[in-house]
Amino acid sequence: MQVQLAGEPQKPGRTSEDYAAASPEALVLLDGSSTPEDMDSGCRHGTAWYVRRLGAHLLTRLTDRSDRSIAECLADAIVETAALHGGRCDLAHPGTPAATVVAARLHGRSLEYLVLGDSMLALQYKDGTVRPIGDNQRFPGGDELRRQVWATVPGSAERAALHRRYTLAVRAARNTGRGPWIAAATPKAAPHAETGFARLDDLRAVAALTDGAARWTDRFGLGSWTDALRLLGEAGPTALIGQVRAAERTDPHCERWPRGKAHDDAAALYAVI
């Protein structure tokens, strides 16, 4: 694979909680689940630390364990990363660092892929069609709370209070079978990822985007997924993220496009097969 990737934190000087990495035969893209500054996570390391280590372990497993399925590789990487926390971190804490995951690797004459959470994978076929995969861990129980958050003014005390309620609701439900599955401290989420194979002979390219970059299509409506893959192929991931940032700046109060954050960490990866 010939790979291009780019990433940008939501604000200059802030550490991004997105992570993207690739080798000639595999790619990974992770989006950390943020913890509000006034809420404990039980971990002394933080989300960015967790995301980088999980991503590195996963990329290694994808390239050196072809005997393991892609979901099994994710499970192995979660276990290996959990061991790095040490005894001072409470891995049973409901707010322990976690991440959504996109991964893909060359496997024989196919591309094997995995998506867990609201990040996106897009397969571009030689016939011009594009198949988006992802946003597969919806949480219906939190939908009304999320709408209430989006209806308030960014930066207001009301939004902060509602966002805290929403965060607590998600924490209580995730990885329990009553809510979304996400890669956290135990491997039980891995089997719930969406996985599959696509024939290499049919593919032209593949793209992976965290939700902060996928806003280009699913929130801002700047174009279809076919348009997004064309932009990535012609101008690269940096251009797509740049257009997302431009759209965000035109709507700083989230009025035209209701959303949880005016700006979000964004990462995108584009690979020609």
# chains A, B, ... in the order shown; residues from 1 in each chain; ligands from 1
>>> select_by_dssp(residues="segment 51-194 of chain A", states="strand (DSSP E)", output="ChimeraX atom specification")
/A:99-107,110-116,120-125,130-134,194
>>> write_last_selection(atoms="N, CA and C atoms", output="JSON list (two decimals), in the first residue's frame")
[["chain", "number", "residue", "atom", "x", "y", "z"],
["A", 99, "ALA", "N", -10.81, 3.88, 23.27],
["A", 99, "ALA", "CA", -10.68, 4.43, 21.92],
["A", 99, "ALA", "C", -11.54, 3.67, 20.93],
["A", 100, "THR", "N", -12.02, 4.38, 19.92],
["A", 100, "THR", "CA", -12.58, 3.72, 18.75],
["A", 100, "THR", "C", -11.42, 3.28, 17.86],
["A", 101, "VAL", "N", -11.66, 2.29, 17.01],
["A", 101, "VAL", "CA", -10.56, 1.68, 16.26],
["A", 101, "VAL", "C", -10.97, 1.41, 14.82],
["A", 102, "VAL", "N", -10.09, 1.76, 13.89],
["A", 102, "VAL", "CA", -10.16, 1.30, 12.50],
["A", 102, "VAL", "C", -8.83, 0.62, 12.19],
["A", 103, "ALA", "N", -8.89, -0.54, 11.57],
["A", 103, "ALA", "CA", -7.66, -1.25, 11.20],
["A", 103, "ALA", "C", -7.88, -2.01, 9.90],
["A", 104, "ALA", "N", -6.82, -2.17, 9.14],
["A", 104, "ALA", "CA", -6.90, -2.96, 7.90],
["A", 104, "ALA", "C", -5.51, -3.50, 7.59],
["A", 105, "ARG", "N", -5.49, -4.65, 6.93],
["A", 105, "ARG", "CA", -4.21, -5.23, 6.53],
["A", 105, "ARG", "C", -4.38, -6.09, 5.29],
["A", 106, "LEU", "N", -3.30, -6.21, 4.54],
["A", 106, "LEU", "CA", -3.28, -7.13, 3.40],
["A", 106, "LEU", "C", -3.23, -8.55, 3.95],
["A", 107, "HIS", "N", -4.11, -9.40, 3.43],
["A", 107, "HIS", "CA", -4.19, -10.78, 3.93],
["A", 107, "HIS", "C", -4.43, -11.69, 2.73],
["A", 110, "SER", "N", -6.70, -10.53, -0.24],
["A", 110, "SER", "CA", -7.79, -9.71, 0.28],
["A", 110, "SER", "C", -7.26, -8.63, 1.21],
["A", 111, "LEU", "N", -8.11, -7.65, 1.46],
["A", 111, "LEU", "CA", -7.89, -6.67, 2.52],
["A", 111, "LEU", "C", -8.82, -7.06, 3.67],
["A", 112, "GLU", "N", -8.23, -7.35, 4.83],
["A", 112, "GLU", "CA", -9.02, -7.66, 6.02],
["A", 112, "GLU", "C", -9.19, -6.36, 6.81],
["A", 113, "TYR", "N", -10.40, -6.09, 7.27],
["A", 113, "TYR", "CA", -10.64, -4.81, 7.94],
["A", 113, "TYR", "C", -11.43, -4.99, 9.24],
["A", 114, "LEU", "N", -11.35, -3.94, 10.08],
["A", 114, "LEU", "CA", -12.06, -3.92, 11.36],
["A", 114, "LEU", "C", -12.43, -2.47, 11.68],
["A", 115, "VAL", "N", -13.65, -2.28, 12.16],
["A", 115, "VAL", "CA", -14.08, -0.96, 12.62],
["A", 115, "VAL", "C", -14.87, -1.14, 13.91],
["A", 116, "LEU", "N", -14.48, -0.39, 14.93],
["A", 116, "LEU", "CA", -15.19, -0.42, 16.22],
["A", 116, "LEU", "C", -15.45, 1.02, 16.66],
["A", 120, "MET", "N", -14.51, 5.95, 10.80],
["A", 120, "MET", "CA", -15.01, 5.42, 9.54],
["A", 120, "MET", "C", -13.90, 4.83, 8.68],
["A", 121, "LEU", "N", -14.24, 3.76, 7.98],
["A", 121, "LEU", "CA", -13.40, 3.17, 6.94],
["A", 121, "LEU", "C", -14.19, 3.27, 5.64],
["A", 122, "ALA", "N", -13.53, 3.67, 4.57],
["A", 122, "ALA", "CA", -14.20, 3.76, 3.27],
["A", 122, "ALA", "C", -13.40, 2.96, 2.24],
["A", 123, "LEU", "N", -14.06, 2.02, 1.60],
["A", 123, "LEU", "CA", -13.44, 1.20, 0.56],
["A", 123, "LEU", "C", -13.80, 1.79, -0.80],
["A", 124, "GLN", "N", -12.79, 2.12, -1.58],
["A", 124, "GLN", "CA", -13.01, 2.66, -2.92],
["A", 124, "GLN", "C", -12.70, 1.56, -3.94],
["A", 125, "TYR", "N", -13.72, 1.19, -4.72],
["A", 125, "TYR", "CA", -13.57, 0.10, -5.68],
["A", 125, "TYR", "C", -13.17, 0.63, -7.06],
["A", 130, "VAL", "N", -17.98, 3.61, -3.72],
["A", 130, "VAL", "CA", -17.34, 3.73, -2.41],
["A", 130, "VAL", "C", -18.27, 3.13, -1.36],
["A", 131, "ARG", "N", -17.70, 2.32, -0.49],
["A", 131, "ARG", "CA", -18.48, 1.71, 0.58],
["A", 131, "ARG", "C", -17.98, 2.21, 1.93],
["A", 132, "PRO", "N", -18.75, 3.07, 2.63],
["A", 132, "PRO", "CA", -18.36, 3.50, 3.96],
["A", 132, "PRO", "C", -18.77, 2.47, 5.01],
["A", 133, "ILE", "N", -17.90, 2.24, 5.98],
["A", 133, "ILE", "CA", -18.13, 1.27, 7.05],
["A", 133, "ILE", "C", -17.80, 1.94, 8.38],
["A", 134, "GLY", "N", -18.70, 1.84, 9.35],
["A", 134, "GLY", "CA", -18.38, 2.40, 10.66],
["A", 134, "GLY", "C", -19.57, 3.01, 11.35],
["A", 194, "GLU", "N", -16.93, -4.55, 13.79],
["A", 194, "GLU", "CA", -17.38, -4.93, 12.45],
["A", 194, "GLU", "C", -16.16, -5.33, 11.63]]
>>> residues_around(residues="Thr238 of chain A", least_positions_apart="4", cutoff="12 Å", atoms="only C-alpha atoms", output="list in words")
Gln4, Leu5, Ala6, Gly7, Glu8, Leu209, Ala213, Leu231, Leu232, Gly233, Glu234, Gly242, Gln243, Val244, Arg245, Ala266, Ala267, Ala268, Leu269 and Tyr270 of chain A
>>> write_last_selection(atoms="all heavy atoms", output="short mmCIF file (atom, residue, chain, number, x, y, z; two decimals), in the first residue's frame")
data_model
loop_
_atom_site.label_atom_id
_atom_site.label_comp_id
_atom_site.auth_asym_id
_atom_site.auth_seq_id
_atom_site.Cartn_x
_atom_site.Cartn_y
_atom_site.Cartn_z
N GLN A 4 -0.80 7.86 2.68
CA GLN A 4 -0.68 9.24 3.13
C GLN A 4 -1.52 9.39 4.40
O GLN A 4 -2.62 8.81 4.48
CB GLN A 4 -1.22 10.23 2.10
CG GLN A 4 -0.55 10.19 0.74
CD GLN A 4 -1.22 11.17 -0.20
OE1 GLN A 4 -1.19 12.39 0.00
NE2 GLN A 4 -1.87 10.66 -1.23
N LEU A 5 -1.04 10.16 5.35
CA LEU A 5 -1.84 10.38 6.55
C LEU A 5 -1.58 11.78 7.09
O LEU A 5 -0.55 12.38 6.83
CB LEU A 5 -1.57 9.32 7.61
CG LEU A 5 -0.15 9.12 8.14
CD1 LEU A 5 0.17 10.07 9.29
CD2 LEU A 5 0.03 7.68 8.61
N ALA A 6 -2.55 12.29 7.84
CA ALA A 6 -2.44 13.61 8.45
C ALA A 6 -3.30 13.65 9.69
O ALA A 6 -4.30 12.92 9.80
CB ALA A 6 -2.87 14.71 7.47
N GLY A 7 -2.92 14.51 10.62
CA GLY A 7 -3.71 14.68 11.83
C GLY A 7 -3.52 16.07 12.39
O GLY A 7 -2.50 16.71 12.15
N GLU A 8 -4.53 16.54 13.12
CA GLU A 8 -4.47 17.89 13.69
C GLU A 8 -5.29 17.92 14.97
O GLU A 8 -6.44 17.46 14.98
CB GLU A 8 -5.01 18.90 12.69
CG GLU A 8 -4.86 20.34 13.10
CD GLU A 8 -5.34 21.29 12.02
OE1 GLU A 8 -4.81 21.22 10.88
OE2 GLU A 8 -6.27 22.08 12.30
N LEU A 209 -10.93 7.53 8.67
CA LEU A 209 -11.11 8.88 9.22
C LEU A 209 -11.69 8.80 10.63
O LEU A 209 -12.65 8.05 10.87
CB LEU A 209 -12.06 9.70 8.35
CG LEU A 209 -11.67 10.00 6.91
CD1 LEU A 209 -12.15 8.89 5.98
CD2 LEU A 209 -12.30 11.32 6.45
N ALA A 213 -12.61 14.11 11.39
CA ALA A 213 -12.35 14.29 9.96
C ALA A 213 -13.56 13.89 9.12
O ALA A 213 -13.84 14.49 8.08
CB ALA A 213 -11.13 13.48 9.54
N LEU A 231 -11.19 13.68 -3.24
CA LEU A 231 -10.36 14.72 -2.63
C LEU A 231 -9.12 14.13 -1.98
O LEU A 231 -8.01 14.66 -2.15
CB LEU A 231 -11.18 15.49 -1.59
CG LEU A 231 -10.43 16.52 -0.75
CD1 LEU A 231 -9.84 17.63 -1.64
CD2 LEU A 231 -11.36 17.13 0.30
N LEU A 232 -9.29 13.04 -1.27
CA LEU A 232 -8.13 12.40 -0.64
C LEU A 232 -7.12 11.94 -1.68
O LEU A 232 -5.91 12.06 -1.49
CB LEU A 232 -8.60 11.21 0.22
CG LEU A 232 -9.32 11.56 1.52
CD1 LEU A 232 -10.02 10.33 2.09
CD2 LEU A 232 -8.34 12.13 2.53
N GLY A 233 -7.62 11.39 -2.78
CA GLY A 233 -6.72 10.91 -3.82
C GLY A 233 -6.01 12.02 -4.57
O GLY A 233 -4.84 11.88 -4.95
N GLU A 234 -6.69 13.15 -4.76
CA GLU A 234 -6.11 14.25 -5.55
C GLU A 234 -5.28 15.21 -4.71
O GLU A 234 -4.26 15.72 -5.18
CB GLU A 234 -7.24 15.02 -6.24
CG GLU A 234 -7.97 14.20 -7.31
CD GLU A 234 -9.15 14.96 -7.91
OE1 GLU A 234 -9.47 16.06 -7.41
OE2 GLU A 234 -9.74 14.44 -8.88
N GLY A 242 -8.17 20.39 6.28
CA GLY A 242 -8.21 21.84 6.12
C GLY A 242 -9.60 22.33 5.78
O GLY A 242 -10.04 23.38 6.29
N GLN A 243 -10.33 21.61 4.95
CA GLN A 243 -11.70 22.01 4.62
C GLN A 243 -12.64 21.83 5.80
O GLN A 243 -13.57 22.62 5.99
CB GLN A 243 -12.19 21.21 3.41
CG GLN A 243 -11.49 21.57 2.12
CD GLN A 243 -12.14 20.94 0.89
OE1 GLN A 243 -13.26 20.44 0.95
NE2 GLN A 243 -11.43 20.96 -0.22
N VAL A 244 -12.40 20.81 6.61
CA VAL A 244 -13.18 20.64 7.84
C VAL A 244 -12.97 21.83 8.77
O VAL A 244 -13.92 22.41 9.31
CB VAL A 244 -12.80 19.33 8.55
CG1 VAL A 244 -13.38 19.29 9.97
CG2 VAL A 244 -13.28 18.12 7.76
N ARG A 245 -11.71 22.24 8.95
CA ARG A 245 -11.42 23.37 9.83
C ARG A 245 -12.06 24.66 9.29
O ARG A 245 -12.58 25.48 10.06
CB ARG A 245 -9.91 23.55 9.96
CG ARG A 245 -9.21 22.42 10.71
CD ARG A 245 -9.59 22.46 12.18
NE ARG A 245 -8.88 21.44 12.93
CZ ARG A 245 -9.46 20.38 13.50
NH1 ARG A 245 -10.77 20.22 13.40
NH2 ARG A 245 -8.76 19.50 14.20
N ALA A 266 -8.75 15.67 14.59
CA ALA A 266 -9.08 15.08 13.28
C ALA A 266 -7.86 14.35 12.74
O ALA A 266 -6.74 14.87 12.78
CB ALA A 266 -9.53 16.15 12.29
N ALA A 267 -8.08 13.15 12.25
CA ALA A 267 -7.01 12.38 11.60
C ALA A 267 -7.60 11.63 10.41
O ALA A 267 -8.74 11.16 10.47
CB ALA A 267 -6.37 11.39 12.58
N ALA A 268 -6.84 11.55 9.35
CA ALA A 268 -7.28 10.85 8.14
C ALA A 268 -6.11 10.13 7.49
O ALA A 268 -4.97 10.61 7.54
CB ALA A 268 -7.90 11.84 7.14
N LEU A 269 -6.41 9.01 6.91
CA LEU A 269 -5.40 8.16 6.28
C LEU A 269 -5.95 7.68 4.94
O LEU A 269 -7.10 7.27 4.87
CB LEU A 269 -5.07 7.00 7.21
CG LEU A 269 -3.91 6.08 6.88
CD1 LEU A 269 -3.38 5.45 8.17
CD2 LEU A 269 -4.32 4.99 5.92
N TYR A 270 -5.13 7.75 3.90
CA TYR A 270 -5.54 7.32 2.56
C TYR A 270 -4.47 6.40 1.99
O TYR A 270 -3.28 6.76 1.97
CB TYR A 270 -5.74 8.53 1.65
CG TYR A 270 -6.13 8.20 0.23
CD1 TYR A 270 -7.43 7.82 -0.08
CD2 TYR A 270 -5.19 8.28 -0.81
CE1 TYR A 270 -7.80 7.53 -1.38
CE2 TYR A 270 -5.56 7.99 -2.12
CZ TYR A 270 -6.86 7.61 -2.40
OH TYR A 270 -7.21 7.32 -3.69
#
>>> residues_around(residues="segment 151-155 of chain A", least_positions_apart="3", cutoff="10 Å", atoms="only C-alpha atoms", output="PDB file with C-alpha atoms, in the first residue's frame")
ATOM      1  CA  LEU A 145     -29.209  13.789  26.203  1.00  0.00           C
ATOM      2  CA  ARG A 146     -26.915  14.363  23.253  1.00  0.00           C
ATOM      3  CA  ARG A 147     -29.599  16.407  21.470  1.00  0.00           C
ATOM      4  CA  GLN A 148     -29.986  18.493  24.612  1.00  0.00           C
ATOM      5  CA  GLU A 158     -25.668  24.541  30.893  1.00  0.00           C
ATOM      6  CA  ARG A 159     -23.789  22.696  28.143  1.00  0.00           C
ATOM      7  CA  ALA A 160     -21.053  21.624  30.563  1.00  0.00           C
ATOM      8  CA  LEU A 162     -25.519  18.337  30.259  1.00  0.00           C
ATOM      9  CA  PRO A 252     -18.173  28.643  15.881  1.00  0.00           C
ATOM     10  CA  HIS A 253     -21.389  28.416  17.931  1.00  0.00           C
ATOM     11  CA  CYS A 254     -22.520  25.101  16.379  1.00  0.00           C
ATOM     12  CA  GLU A 255     -25.761  26.658  15.137  1.00  0.00           C
ATOM     13  CA  PRO A 258     -25.233  21.093  15.757  1.00  0.00           C
ATOM     14  CA  ARG A 259     -22.394  19.056  17.271  1.00  0.00           C
ATOM     15  CA  GLY A 260     -20.718  18.323  20.574  1.00  0.00           C
ATOM     16  CA  LYS A 261     -17.541  20.328  19.908  1.00  0.00           C
ATOM     17  CA  ALA A 262     -16.968  23.330  17.681  1.00  0.00           C
TER      18      ALA A 262
END
>>> atom_distance(atom1="atom CA of Gly142 of chain A", atom2="atom CA of Thr96 of chain A")
19.3 Å
>>> closest_residue(among="A:Arg219, A:Gln137, A:Ala198, A:Ala239", to="Arg256 of chain A", atoms="only C-alpha atoms")
A:Arg219
>>> select_by_dssp(residues="segment 9-234 of chain A", states="helix (DSSP H, G or I)", output="PyMOL selection string")
chain A and resi 47-64+70-85+140-150+157-173+187-192+200-202+211-218+225-234
>>> closest_residue(among="A:Asp202, A:Asp264, A:Asp135, A:Asp40", to="Arg14 of chain A", atoms="only C-alpha atoms")
A:Asp264
>>> atom_distance(atom1="atom CA of Thr167 of chain A", atom2="atom CA of Phe220 of chain A")
23.9 Å
>>> atom_distance(atom1="atom CA of Arg138 of chain A", atom2="atom CA of Asn175 of chain A")
12.3 Å
>>> closest_residue(among="A:Leu27, A:Ile70, A:Leu58, A:Ala169", to="Ala207 of chain A", atoms="only C-alpha atoms")
A:Leu27
>>> residues_around(residues="Ala77 of chain A", least_positions_apart="6", cutoff="9 Å", atoms="only C-alpha atoms", output="ChimeraX atom specification")
/A:53-61,187
>>> closest_residue(among="A:Asp227, A:Ile273, A:Ala83, A:Gly95", to="Val170 of chain A", atoms="only C-alpha atoms")
A:Gly95
>>> closest_residue(among="A:Arg164, A:Lys188, A:Arg174, A:Arg52", to="Asp31 of chain A", atoms="only C-alpha atoms")
A:Arg52
>>> closest_residue(among="A:Ala82, A:Ala20, A:Leu229, A:Val149", to="Thr217 of chain A", atoms="only C-alpha atoms")
A:Leu229
>>> decode(residues="segment 156-170 of chain A", atoms="N, CA, C and O atoms", output="short mmCIF file (atom, residue, chain, number, x, y, z; two decimals), in the first residue's frame")
data_model
loop_
_atom_site.label_atom_id
_atom_site.label_comp_id
_atom_site.auth_asym_id
_atom_site.auth_seq_id
_atom_site.Cartn_x
_atom_site.Cartn_y
_atom_site.Cartn_z
N SER A 156 -21.07 27.24 27.59
CA SER A 156 -21.97 27.65 28.66
C SER A 156 -21.97 26.64 29.79
O SER A 156 -21.64 25.46 29.61
N ALA A 157 -22.38 27.10 30.99
CA ALA A 157 -22.48 26.21 32.14
C ALA A 157 -23.54 25.14 31.90
O ALA A 157 -23.38 23.98 32.33
N GLU A 158 -24.61 25.51 31.18
CA GLU A 158 -25.67 24.54 30.89
C GLU A 158 -25.14 23.40 30.03
O GLU A 158 -25.42 22.23 30.29
N ARG A 159 -24.35 23.75 29.01
CA ARG A 159 -23.79 22.70 28.14
C ARG A 159 -22.84 21.81 28.93
O ARG A 159 -22.86 20.58 28.79
N ALA A 160 -22.00 22.40 29.77
CA ALA A 160 -21.05 21.62 30.56
C ALA A 160 -21.77 20.63 31.46
O ALA A 160 -21.36 19.47 31.59
N ALA A 161 -22.87 21.08 32.09
CA ALA A 161 -23.61 20.19 32.98
C ALA A 161 -24.28 19.05 32.21
O ALA A 161 -24.26 17.90 32.64
N LEU A 162 -24.88 19.38 31.06
CA LEU A 162 -25.52 18.34 30.26
C LEU A 162 -24.50 17.37 29.68
O LEU A 162 -24.74 16.15 29.60
N HIS A 163 -23.33 17.90 29.27
CA HIS A 163 -22.29 17.04 28.74
C HIS A 163 -21.79 16.07 29.82
O HIS A 163 -21.50 14.90 29.53
N ARG A 164 -21.71 16.55 31.04
CA ARG A 164 -21.30 15.67 32.14
C ARG A 164 -22.31 14.55 32.33
O ARG A 164 -21.93 13.39 32.50
N ARG A 165 -23.61 14.88 32.29
CA ARG A 165 -24.65 13.85 32.42
C ARG A 165 -24.54 12.84 31.29
O ARG A 165 -24.67 11.62 31.52
N TYR A 166 -24.31 13.33 30.07
CA TYR A 166 -24.18 12.42 28.92
C TYR A 166 -22.97 11.52 29.09
O TYR A 166 -23.05 10.30 28.85
N THR A 167 -21.84 12.09 29.50
CA THR A 167 -20.62 11.30 29.68
C THR A 167 -20.83 10.21 30.72
O THR A 167 -20.40 9.06 30.54
N LEU A 168 -21.47 10.55 31.82
CA LEU A 168 -21.72 9.56 32.88
C LEU A 168 -22.64 8.45 32.38
O LEU A 168 -22.45 7.28 32.72
N ALA A 169 -23.63 8.80 31.55
CA ALA A 169 -24.53 7.79 31.00
C ALA A 169 -23.80 6.83 30.08
O ALA A 169 -24.01 5.61 30.12
N VAL A 170 -22.92 7.37 29.23
CA VAL A 170 -22.15 6.53 28.32
C VAL A 170 -21.20 5.63 29.11
O VAL A 170 -21.09 4.43 28.84
#
